[in-house]
Structures are given as structure tokens and as C-alpha cells.
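Structure data (mmCIF, C-alpha atoms and all ligand atoms) from work.cif:
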```cif
data_query
loop_
_atom_site.label_atom_id
_atom_site.label_comp_id
_atom_site.auth_asym_id
_atom_site.auth_seq_id
_atom_site.Cartn_x
_atom_site.Cartn_y
_atom_site.Cartn_z
CA SER A 1 -23.35 -3.16 -22.33
CA ASN A 2 -22.04 -6.46 -23.57
CA HIS A 3 -21.06 -8.01 -20.24
CA ILE A 4 -20.91 -11.76 -20.36
CA ALA A 5 -23.99 -13.18 -18.65
CA SER A 6 -23.70 -14.78 -15.21
CA ASN A 7 -22.68 -18.38 -15.43
CA SER A 8 -20.87 -20.96 -13.41
CA LEU A 9 -17.45 -21.02 -15.08
CA PHE A 10 -15.84 -20.60 -11.64
CA LYS A 11 -18.39 -22.54 -9.54
CA GLY A 12 -16.57 -24.15 -6.61
CA LYS A 13 -13.40 -22.14 -7.26
CA LYS A 14 -11.83 -19.81 -4.72
CA VAL A 15 -10.23 -16.67 -6.11
CA LEU A 16 -7.86 -14.41 -4.15
CA ILE A 17 -7.30 -10.92 -5.58
CA SER A 18 -5.23 -7.98 -4.37
CA ALA A 19 -6.08 -4.43 -5.40
CA GLY A 20 -5.17 -0.81 -4.89
CA PRO A 21 -2.04 0.96 -3.71
CA THR A 22 -0.22 0.44 -0.46
CA ARG A 23 0.54 3.27 1.90
CA GLU A 24 3.91 3.43 3.65
CA LYS A 25 3.90 5.54 6.79
CA ILE A 26 6.58 8.02 7.73
CA ASP A 27 4.85 9.79 10.60
CA PRO A 28 1.26 10.08 11.89
CA VAL A 29 0.28 12.54 9.15
CA ARG A 30 2.48 11.55 6.20
CA TYR A 31 2.98 8.55 3.91
CA PHE A 32 4.33 7.41 0.53
CA THR A 33 1.94 5.89 -1.97
CA ASN A 34 1.20 5.70 -5.72
CA ARG A 35 -1.63 6.53 -8.13
CA SER A 36 -3.44 3.17 -8.14
CA SER A 37 -7.22 3.61 -7.81
CA GLY A 38 -8.01 -0.07 -7.16
CA LYS A 39 -10.59 -0.11 -9.97
CA MET A 40 -8.99 -2.94 -11.99
CA GLY A 41 -8.69 -5.24 -8.96
CA PHE A 42 -12.27 -4.49 -7.88
CA ALA A 43 -13.51 -5.14 -11.43
CA LEU A 44 -11.73 -8.52 -11.39
CA ALA A 45 -13.34 -9.39 -8.05
CA GLU A 46 -16.80 -8.53 -9.41
CA ALA A 47 -16.15 -10.46 -12.64
CA ALA A 48 -14.95 -13.56 -10.78
CA ALA A 49 -17.95 -13.43 -8.40
CA LYS A 50 -20.33 -13.10 -11.35
CA LEU A 51 -18.80 -16.24 -12.83
CA GLY A 52 -19.65 -18.17 -9.66
CA ALA A 53 -16.35 -17.95 -7.73
CA GLU A 54 -15.99 -17.40 -4.01
CA VAL A 55 -13.76 -14.31 -3.89
CA THR A 56 -11.42 -12.87 -1.28
CA LEU A 57 -10.32 -9.31 -2.08
CA VAL A 58 -7.32 -7.90 -0.23
CA THR A 59 -7.26 -4.18 -0.83
CA GLY A 60 -5.08 -1.22 0.04
CA PRO A 61 -6.73 2.12 0.85
CA VAL A 62 -9.17 2.94 -1.97
CA ASP A 63 -12.43 4.84 -2.32
CA LEU A 64 -14.47 1.95 -3.76
CA ARG A 65 -17.37 -0.26 -2.78
CA LEU A 66 -18.30 -3.78 -3.91
CA THR A 67 -21.70 -4.61 -5.36
CA ALA A 68 -21.52 -8.41 -5.80
CA ASN A 69 -22.16 -11.00 -3.12
CA HIS A 70 -19.65 -13.76 -2.43
CA ILE A 71 -16.77 -11.32 -2.03
CA THR A 72 -14.95 -11.13 1.30
CA ARG A 73 -13.10 -7.84 1.58
CA ILE A 74 -9.93 -7.54 3.67
CA ASN A 75 -8.61 -3.99 4.10
CA VAL A 76 -4.88 -3.48 4.51
CA THR A 77 -2.66 -0.40 4.51
CA SER A 78 1.03 -1.21 4.06
CA ALA A 79 2.93 -3.63 1.81
CA GLU A 80 3.82 -5.63 4.93
CA GLU A 81 0.11 -6.00 5.86
CA MET A 82 -0.72 -7.01 2.28
CA TYR A 83 2.07 -9.61 2.40
CA GLU A 84 0.60 -11.12 5.60
CA ALA A 85 -2.97 -11.13 4.24
CA MET A 86 -1.98 -12.71 0.90
CA HIS A 87 0.17 -15.39 2.49
CA SER A 88 -2.35 -16.35 5.18
CA ASN A 89 -5.05 -16.80 2.50
CA PHE A 90 -2.88 -18.29 -0.26
CA SER A 91 -3.09 -22.03 0.40
CA GLU A 92 -6.88 -22.32 0.29
CA HIS A 93 -7.34 -20.46 -3.01
CA ASP A 94 -7.25 -21.87 -6.57
CA ILE A 95 -6.66 -18.68 -8.53
CA VAL A 96 -4.57 -15.78 -7.20
CA ILE A 97 -4.44 -12.45 -9.04
CA LYS A 98 -2.12 -9.65 -7.91
CA ALA A 99 -3.53 -6.45 -9.36
CA ALA A 100 -2.27 -4.30 -6.47
CA ALA A 101 0.34 -1.59 -6.99
CA VAL A 102 2.56 -2.49 -4.06
CA ALA A 103 5.06 0.15 -2.93
CA ASP A 104 8.58 -1.05 -3.76
CA TYR A 105 10.08 1.09 -0.97
CA ARG A 106 9.08 2.31 2.46
CA PRO A 107 10.73 4.76 4.86
CA LYS A 108 13.43 2.97 6.81
CA VAL A 109 12.57 4.89 9.95
CA THR A 110 9.06 5.91 11.03
CA PHE A 111 8.18 8.48 13.66
CA ASP A 112 5.50 8.24 16.36
CA ASP A 113 5.27 12.01 16.59
CA LYS A 114 4.66 14.34 13.69
CA MET A 115 7.97 15.51 12.24
CA LYS A 116 8.51 19.23 12.78
CA LYS A 117 9.95 21.13 9.88
CA GLN A 118 13.65 21.91 10.08
CA PRO A 119 15.58 24.78 8.56
CA ASN A 120 17.42 22.46 6.14
CA ASN A 121 16.66 19.67 3.67
CA TRP A 122 15.32 16.37 4.89
CA ASN A 123 16.68 13.17 3.36
CA VAL A 124 14.37 10.21 3.86
CA GLU A 125 16.11 6.87 3.60
CA MET A 126 13.93 4.23 1.91
CA GLU A 127 14.23 0.46 2.19
CA ARG A 128 12.81 -2.27 -0.05
CA THR A 129 9.51 -3.92 0.77
CA LYS A 130 9.06 -7.66 0.21
CA ASP A 131 8.00 -8.72 -3.28
CA ILE A 132 4.70 -10.40 -2.41
CA LEU A 133 4.09 -11.90 -5.84
CA GLN A 134 7.62 -13.28 -6.09
CA SER A 135 7.27 -15.01 -2.73
CA LEU A 136 3.85 -16.45 -3.67
CA GLY A 137 5.37 -17.74 -6.94
CA GLU A 138 8.13 -19.50 -5.02
CA GLN A 139 5.63 -21.17 -2.66
CA LYS A 140 2.98 -22.01 -5.24
CA THR A 141 1.52 -25.53 -5.22
CA HIS A 142 -1.79 -25.96 -7.10
CA GLN A 143 -2.63 -22.28 -7.61
CA PHE A 144 -3.01 -20.55 -10.96
CA LEU A 145 -1.00 -17.38 -10.26
CA VAL A 146 -1.54 -14.16 -12.23
CA GLY A 147 0.53 -10.99 -11.91
CA PHE A 148 0.21 -7.52 -13.32
CA ALA A 149 2.98 -5.41 -14.82
CA ALA A 150 2.86 -1.64 -15.02
CA GLU A 151 5.31 -0.44 -17.66
CA THR A 152 6.06 2.79 -19.47
CA SER A 153 8.50 1.38 -22.05
CA ASN A 154 9.13 -2.05 -23.67
CA PRO A 155 5.99 -3.37 -21.92
CA ILE A 156 5.91 -6.87 -23.46
CA GLU A 157 9.61 -7.52 -22.91
CA TYR A 158 9.55 -6.35 -19.27
CA GLY A 159 6.23 -8.07 -18.63
CA ILE A 160 7.49 -11.44 -19.90
CA GLN A 161 10.58 -11.06 -17.70
CA LYS A 162 8.26 -10.67 -14.68
CA LEU A 163 6.19 -13.70 -15.76
CA LYS A 164 9.35 -15.83 -15.76
CA ASN A 165 11.13 -14.36 -12.72
CA LYS A 166 8.07 -14.57 -10.47
CA HIS A 167 7.01 -18.10 -11.57
CA LEU A 168 3.62 -16.90 -12.85
CA ASP A 169 1.06 -18.77 -14.93
CA ALA A 170 0.02 -15.55 -16.65
CA ILE A 171 0.67 -11.82 -16.58
CA VAL A 172 -1.47 -8.82 -17.47
CA ILE A 173 0.70 -6.08 -18.92
CA ASN A 174 -0.43 -2.46 -18.78
CA ASN A 175 1.37 0.23 -20.71
CA VAL A 176 0.62 2.94 -18.17
CA ALA A 177 2.04 5.64 -20.45
CA SER A 178 -0.63 5.13 -23.13
CA GLU A 179 -3.89 7.07 -23.23
CA GLY A 180 -6.86 5.13 -21.78
CA ALA A 181 -4.75 2.66 -19.79
CA GLY A 182 -3.47 2.38 -16.28
CA PHE A 183 -4.07 3.64 -12.81
CA ALA A 184 -6.75 6.26 -12.43
CA GLY A 185 -9.28 5.95 -15.25
CA ASP A 186 -12.34 3.80 -15.87
CA THR A 187 -10.88 2.16 -18.99
CA ASN A 188 -7.91 -0.05 -19.59
CA ILE A 189 -5.85 -1.55 -22.40
CA ALA A 190 -3.99 -4.72 -21.51
CA THR A 191 -1.92 -7.51 -22.95
CA TYR A 192 -2.46 -10.97 -21.48
CA VAL A 193 0.48 -13.38 -21.72
CA ASN A 194 0.45 -16.97 -20.48
CA LYS A 195 3.29 -19.49 -20.39
CA SER A 196 3.08 -19.94 -24.17
CA LEU A 197 4.46 -16.36 -24.30
CA GLU A 198 2.07 -15.40 -27.10
CA PRO A 199 0.70 -11.95 -26.26
CA ILE A 200 -3.08 -11.45 -26.49
CA GLU A 201 -4.10 -7.84 -26.92
CA ILE A 202 -7.21 -6.65 -25.10
CA GLU A 203 -8.38 -3.47 -26.79
CA ILE A 204 -9.52 -0.39 -24.88
CA ALA A 205 -12.68 -1.07 -22.86
CA SER A 206 -14.15 -0.40 -19.44
CA LYS A 207 -12.23 -2.02 -16.61
CA LEU A 208 -15.27 -4.29 -16.06
CA ASP A 209 -15.19 -5.53 -19.66
CA VAL A 210 -11.42 -6.00 -19.53
CA ALA A 211 -11.90 -7.96 -16.28
CA ASP A 212 -14.52 -10.23 -17.91
CA LYS A 213 -12.14 -11.00 -20.76
CA LEU A 214 -9.24 -11.67 -18.41
CA MET A 215 -11.31 -14.07 -16.27
CA ASN A 216 -12.31 -15.97 -19.40
CA TYR A 217 -8.67 -16.31 -20.55
CA ILE A 218 -7.71 -17.49 -17.07
CA ALA A 219 -10.50 -20.09 -17.06
CA ARG A 220 -9.36 -21.39 -20.45
CA ASP A 221 -5.69 -21.61 -19.40
CA MET A 222 -6.51 -23.34 -16.10
CA LYS A 223 -8.39 -26.06 -17.97
CA ASP A 224 -5.43 -26.55 -20.31
CA GLU A 225 -3.08 -26.97 -17.33
CA VAL A 226 -5.30 -29.48 -15.52
CA GLN A 227 -5.65 -31.76 -18.56
N1 LIG A 301 4.40 -6.83 -6.60
C1 LIG A 301 4.31 -7.41 -5.35
N2 LIG A 301 5.08 -6.94 -4.32
C2 LIG A 301 5.93 -5.91 -4.51
C3 LIG A 301 6.03 -5.30 -5.78
C4 LIG A 301 5.23 -5.78 -6.82
O1 LIG A 301 3.54 -8.36 -5.17
N3 LIG A 301 6.65 -5.47 -3.47
C5 LIG A 301 3.58 -7.38 -7.69
C6 LIG A 301 2.48 -6.45 -8.19
O2 LIG A 301 1.29 -6.65 -7.46
C7 LIG A 301 2.32 -6.88 -9.64
C8 LIG A 301 3.70 -7.38 -10.02
O3 LIG A 301 4.40 -7.61 -8.80
O4 LIG A 301 1.43 -7.98 -9.76
C9 LIG A 301 4.50 -6.44 -10.87
O5 LIG A 301 4.56 -5.17 -10.27
P1 LIG A 301 5.45 -4.06 -10.97
O6 LIG A 301 5.51 -2.84 -10.10
O7 LIG A 301 5.01 -3.90 -12.40
O8 LIG A 301 6.90 -4.78 -11.04
P2 LIG A 301 8.09 -4.90 -10.02
O9 LIG A 301 8.42 -6.35 -9.92
O10 LIG A 301 7.82 -4.18 -8.74
O11 LIG A 301 9.27 -4.20 -10.81
P3 LIG A 301 9.43 -2.64 -11.25
O12 LIG A 301 8.51 -1.80 -10.40
O13 LIG A 301 10.86 -2.35 -11.01
O14 LIG A 301 9.06 -2.60 -12.72
CA CA A 302 7.04 -2.02 -8.63
#
```
Let me see the file written as C-alpha cells.
Ligand code: CTP
Ligand code: CA
Amino acid sequence: SNHIASNSLFKGKKVLISAGPTREKIDPVRYFTNRSSGKMGFALAEAAAKLGAEVTLVTGPVDLRLTANHITRINVTSAEEMYEAMHSNFSEHDIVIKAAAVADYRPKVTFDDKMKKQPNNWNVEMERTKDILQSLGEQKTHQFLVGFAAETSNPIEYGIQKLKNKHLDAIVINNVASEGAGFAGDTNIATYVNKSLEPIEIEIASKLDVADKLMNYIARDMKDEVQ
């Protein structure tokens, strides 16, 4: 493979990454979730560690293991737990990347006992979760903050809206409707957009190779901001 060799691009830098889906409980045996595998977030954690960073990875429930050293893994389940973990770690990190697919809604009421089936329909009322990335963007001080956008139509337009609304330094836009991109697979196709709003296309590649490229764009843009 053509992975970029280990170097010290991120030596002395602390990188906080979130990955995977969240799981929103309704009763002891049931929950709402989404199709995120966590692979992109894990690939970013490995890529950042390989470039010399000290990495904290906050992950929802996924079936993945880490191979690199210098990665501290924090397992969470719900959007609320991810919010707490991201905020309590935010201030001490230099680069924060939100690759997680956070549930936008959770059941308004949860049950301690398993729900028994009823003769009729069951309407589950859902309430909004907190937008973690938005709240980090509003509280940002020195951090370089990177979001993801999962879109099925007008990806660049919607992605740039998220970059602006959430006060991000860059966004990685995935057209999850296109072949070879998105949640489950081992490959991805992405568009990286920084505050210059000029989209950079990253052609189809393994999630590890896409992660290497993204970390290099982030390193370049951080330098530009500091100077
Ligand atoms: N995000 C978050 N907290 C949420 C929802 C999303 O931190 N409750 C973050 C995701 O981790 C991602 C970015 O926001 O980095 C964009 O997520 P996405 O689902 O594409 O956008 P939303 O803002 O949730 O808007 P919508 O789902 O309506 O497109
Ligand atoms: Ca969403």
C-alpha cells in the first residue's frame, strides 16, 4: 500500500476523535441506532497516532479494535454520554474531529422493564438529542474543529452550511448515497472543505488512505491558521 510513512507531523499535538453510532435506549432489550460502523473514525485515530499525535478516541458501540499505541479509547453508548465525554476532554485537545454518527433523536420515555406487545399500534415519541458538534463550535478556543456531513443530495451545499452553522474549521462531506462511500464499507469517497470554501475531492480509497489524506490537509490548514 502507499500509506504515508510514520513521521512527526503531529508530535506534541493532542487529537480528540469521535466515532461510530450512538444507541438510544427504549427498554432493556430495544434501542434506536444507525448504520455507522465506526471504521472512518478508527482510521482517523490510527492515522493521527501514526503521525505522532496523542489520541483520545470516544466511540459508540462498534465491533472494532485499535492497533496503534498512543490511543486512549473511551467507550460510550448514547448521544448524551458522547456529549459528556467530548466536552470533558475538549479543552485539553488541539484538534477535534467528529466522525461519529450521532442519533438526532431519542425516545422521550424509556422503560425499565421490557415492553410487552399490545394488541394495537405503538407510537414512540422521539425528542431531539443535543448537537455535540454545534456546542463544541460555540465553545471553541484554540482548537482546530473538524466535522463530518453525511448527505444523500446536494452534499457540498449542505456540507458548507454545516461548516458555517457549527463554527467549524473544516468539514468532511460524504455522499452516503454513492457507491463506495459512507457507513458500512471499507472504502470512502470524501470532499474536504476548509474555511476558504474550496472543495477538495478525495477519490475512492480505503478508509485508512482517506484518513491519511485528511490528516495531512488538517495539518496544512492548522499551520496556515497559526501563522
Ligand atoms: N453531530 C453531533 N451531534 C448531533 C448530531 C450531529 O455532534 N446530535 C455531528 C456529527 O458528528 C457530524 C456533524 O454533526 O460531525 C454532522 O452530522 P450530520 O448528521 O451530517 O448533520 P446534522 O447536523 O445532524 O443534520 P442532518 O442530520 O439534519 O443533516
Ligand atoms: Ca444528523
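Between atom N3 of ligand LIG 301 (chain A) and CA of Arg23 (chain A) the separation is 11.9 Å.
Minimum atom-to-atom distances from A:Leu9, A:Val193, A:Ile132, A:Ala45 to ligand CA 302 (chain A) were compared using only C-alpha atoms and all ligand atoms, and the lowest value belongs to A:Ile132.
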Point to revise | Protein and nucleic residues near ligand LIG 301 (chain A), 6 Å, all atoms listed in the file, as a PyMOL selection string | key: chain A and resi 98-104+129-133+147-150
Give me a file of those residues, with C-alpha atoms, as a CSV table (one decimal), in the coordinates of the input.
```csv
chain,number,residue,atom,x,y,z
A,98,LYS,CA,-2.1,-9.6,-7.9
A,99,ALA,CA,-3.5,-6.4,-9.4
A,100,ALA,CA,-2.3,-4.3,-6.5
A,101,ALA,CA,0.3,-1.6,-7.0
A,102,VAL,CA,2.6,-2.5,-4.1
A,103,ALA,CA,5.1,0.2,-2.9
A,104,ASP,CA,8.6,-1.0,-3.8
A,129,THR,CA,9.5,-3.9,0.8
A,130,LYS,CA,9.1,-7.7,0.2
A,131,ASP,CA,8.0,-8.7,-3.3
A,132,ILE,CA,4.7,-10.4,-2.4
A,133,LEU,CA,4.1,-11.9,-5.8
A,147,GLY,CA,0.5,-11.0,-11.9
A,148,PHE,CA,0.2,-7.5,-13.3
A,149,ALA,CA,3.0,-5.4,-14.8
A,150,ALA,CA,2.9,-1.6,-15.0
```
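Across the model, the gap from CA of Ile218 (chain A) to CA of Ser8 (chain A) is 14.1 Å.
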Review point. Which polymer residues, protein or nucleic acid, are no farther than 12 Å from (8.3, -13.2, -14.2), counting all atoms listed in the file, as a VMD selection string?
Key: chain A and resid 131 133 to 138 145 to 149 156 to 173 193 to 195 197
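Nearest to Val96 (chain A) of all the residues A:Glu127, A:Glu54, A:Asp27, A:Glu80 is A:Glu54, based on only C-alpha atoms.
Between CA of Met86 (chain A) and CA of His142 (chain A) lies a distance of 15.5 Å.
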Point to revise | Minimum-distance residue to Gly12 (chain A), chosen among A:Pro119, A:Pro199, A:Gly52, A:Pro107 (using all atoms listed in the file) | key: A:Gly52
**Study point:** Nearest-residue call for ligand CA 302 (chain A), choices A:Asp63, A:Glu151, A:Glu201, A:Asp212, using all atoms listed in the file
**Key:** A:Glu151
Contact residues around Asp112 (chain A) with only C-alpha atoms at 12 Å, ignoring same-chain residues under 5 positions, as a compact mmCIF listing (two decimals) with C-alpha atoms, keeping the file's coordinate frame:
```txt
# COMPACT_ATOMS: atom_id res chain seq x y z
CA LYS A 25 3.90 5.54 6.79
CA ILE A 26 6.58 8.02 7.73
CA ASP A 27 4.85 9.79 10.60
CA PRO A 28 1.26 10.08 11.89
CA VAL A 29 0.28 12.54 9.15
CA ARG A 30 2.48 11.55 6.20
```
Exercise for review: Can you pull out every residue within 12 Å of Lys213 (chain A), counting only C-alpha atoms, but drop anything in the same chain fewer than 6 positions away, and send it as a ChimeraX atom specification?
Suggested key: /A:2-4,43-44,47-48,51,172,188-192,200-207,219-220
Practice item. Can you work out which one of A:Asp113, A:Ala184, A:Thr141, A:Phe32 has the shortest atom-to-atom distance to Gly20 (chain A), counting all atoms listed in the file? Key: A:Ala184
Exercise for review: Identify which of the residues A:Asp186, A:Thr152, A:Asn216, A:Pro61 lies closest to ligand CA 302 (chain A), counting all atoms listed in the file when measuring atom-to-atom distances.
Suggested key: A:Thr152
**Study point:** Shell around region 65-75 of chain A at 12 Å using only C-alpha atoms, local window under 2 positions removed, as a VMD selection string
**Key:** chain A and resid 6 11 to 23 37 to 39 41 to 63 77 to 79 81 to 82 84 to 86 88 to 89
Quick one: 6 Å padding each side, axis-aligned, all listed atoms of region 201-211 of chain A - centre and edge lengths in Å to one decimal, as AutoDock Vina command-line options?
```
--center_x -9.7 --center_y -4.2 --center_z -21.5 --size_x 23.2 --size_y 19.6 --size_z 22.9
```
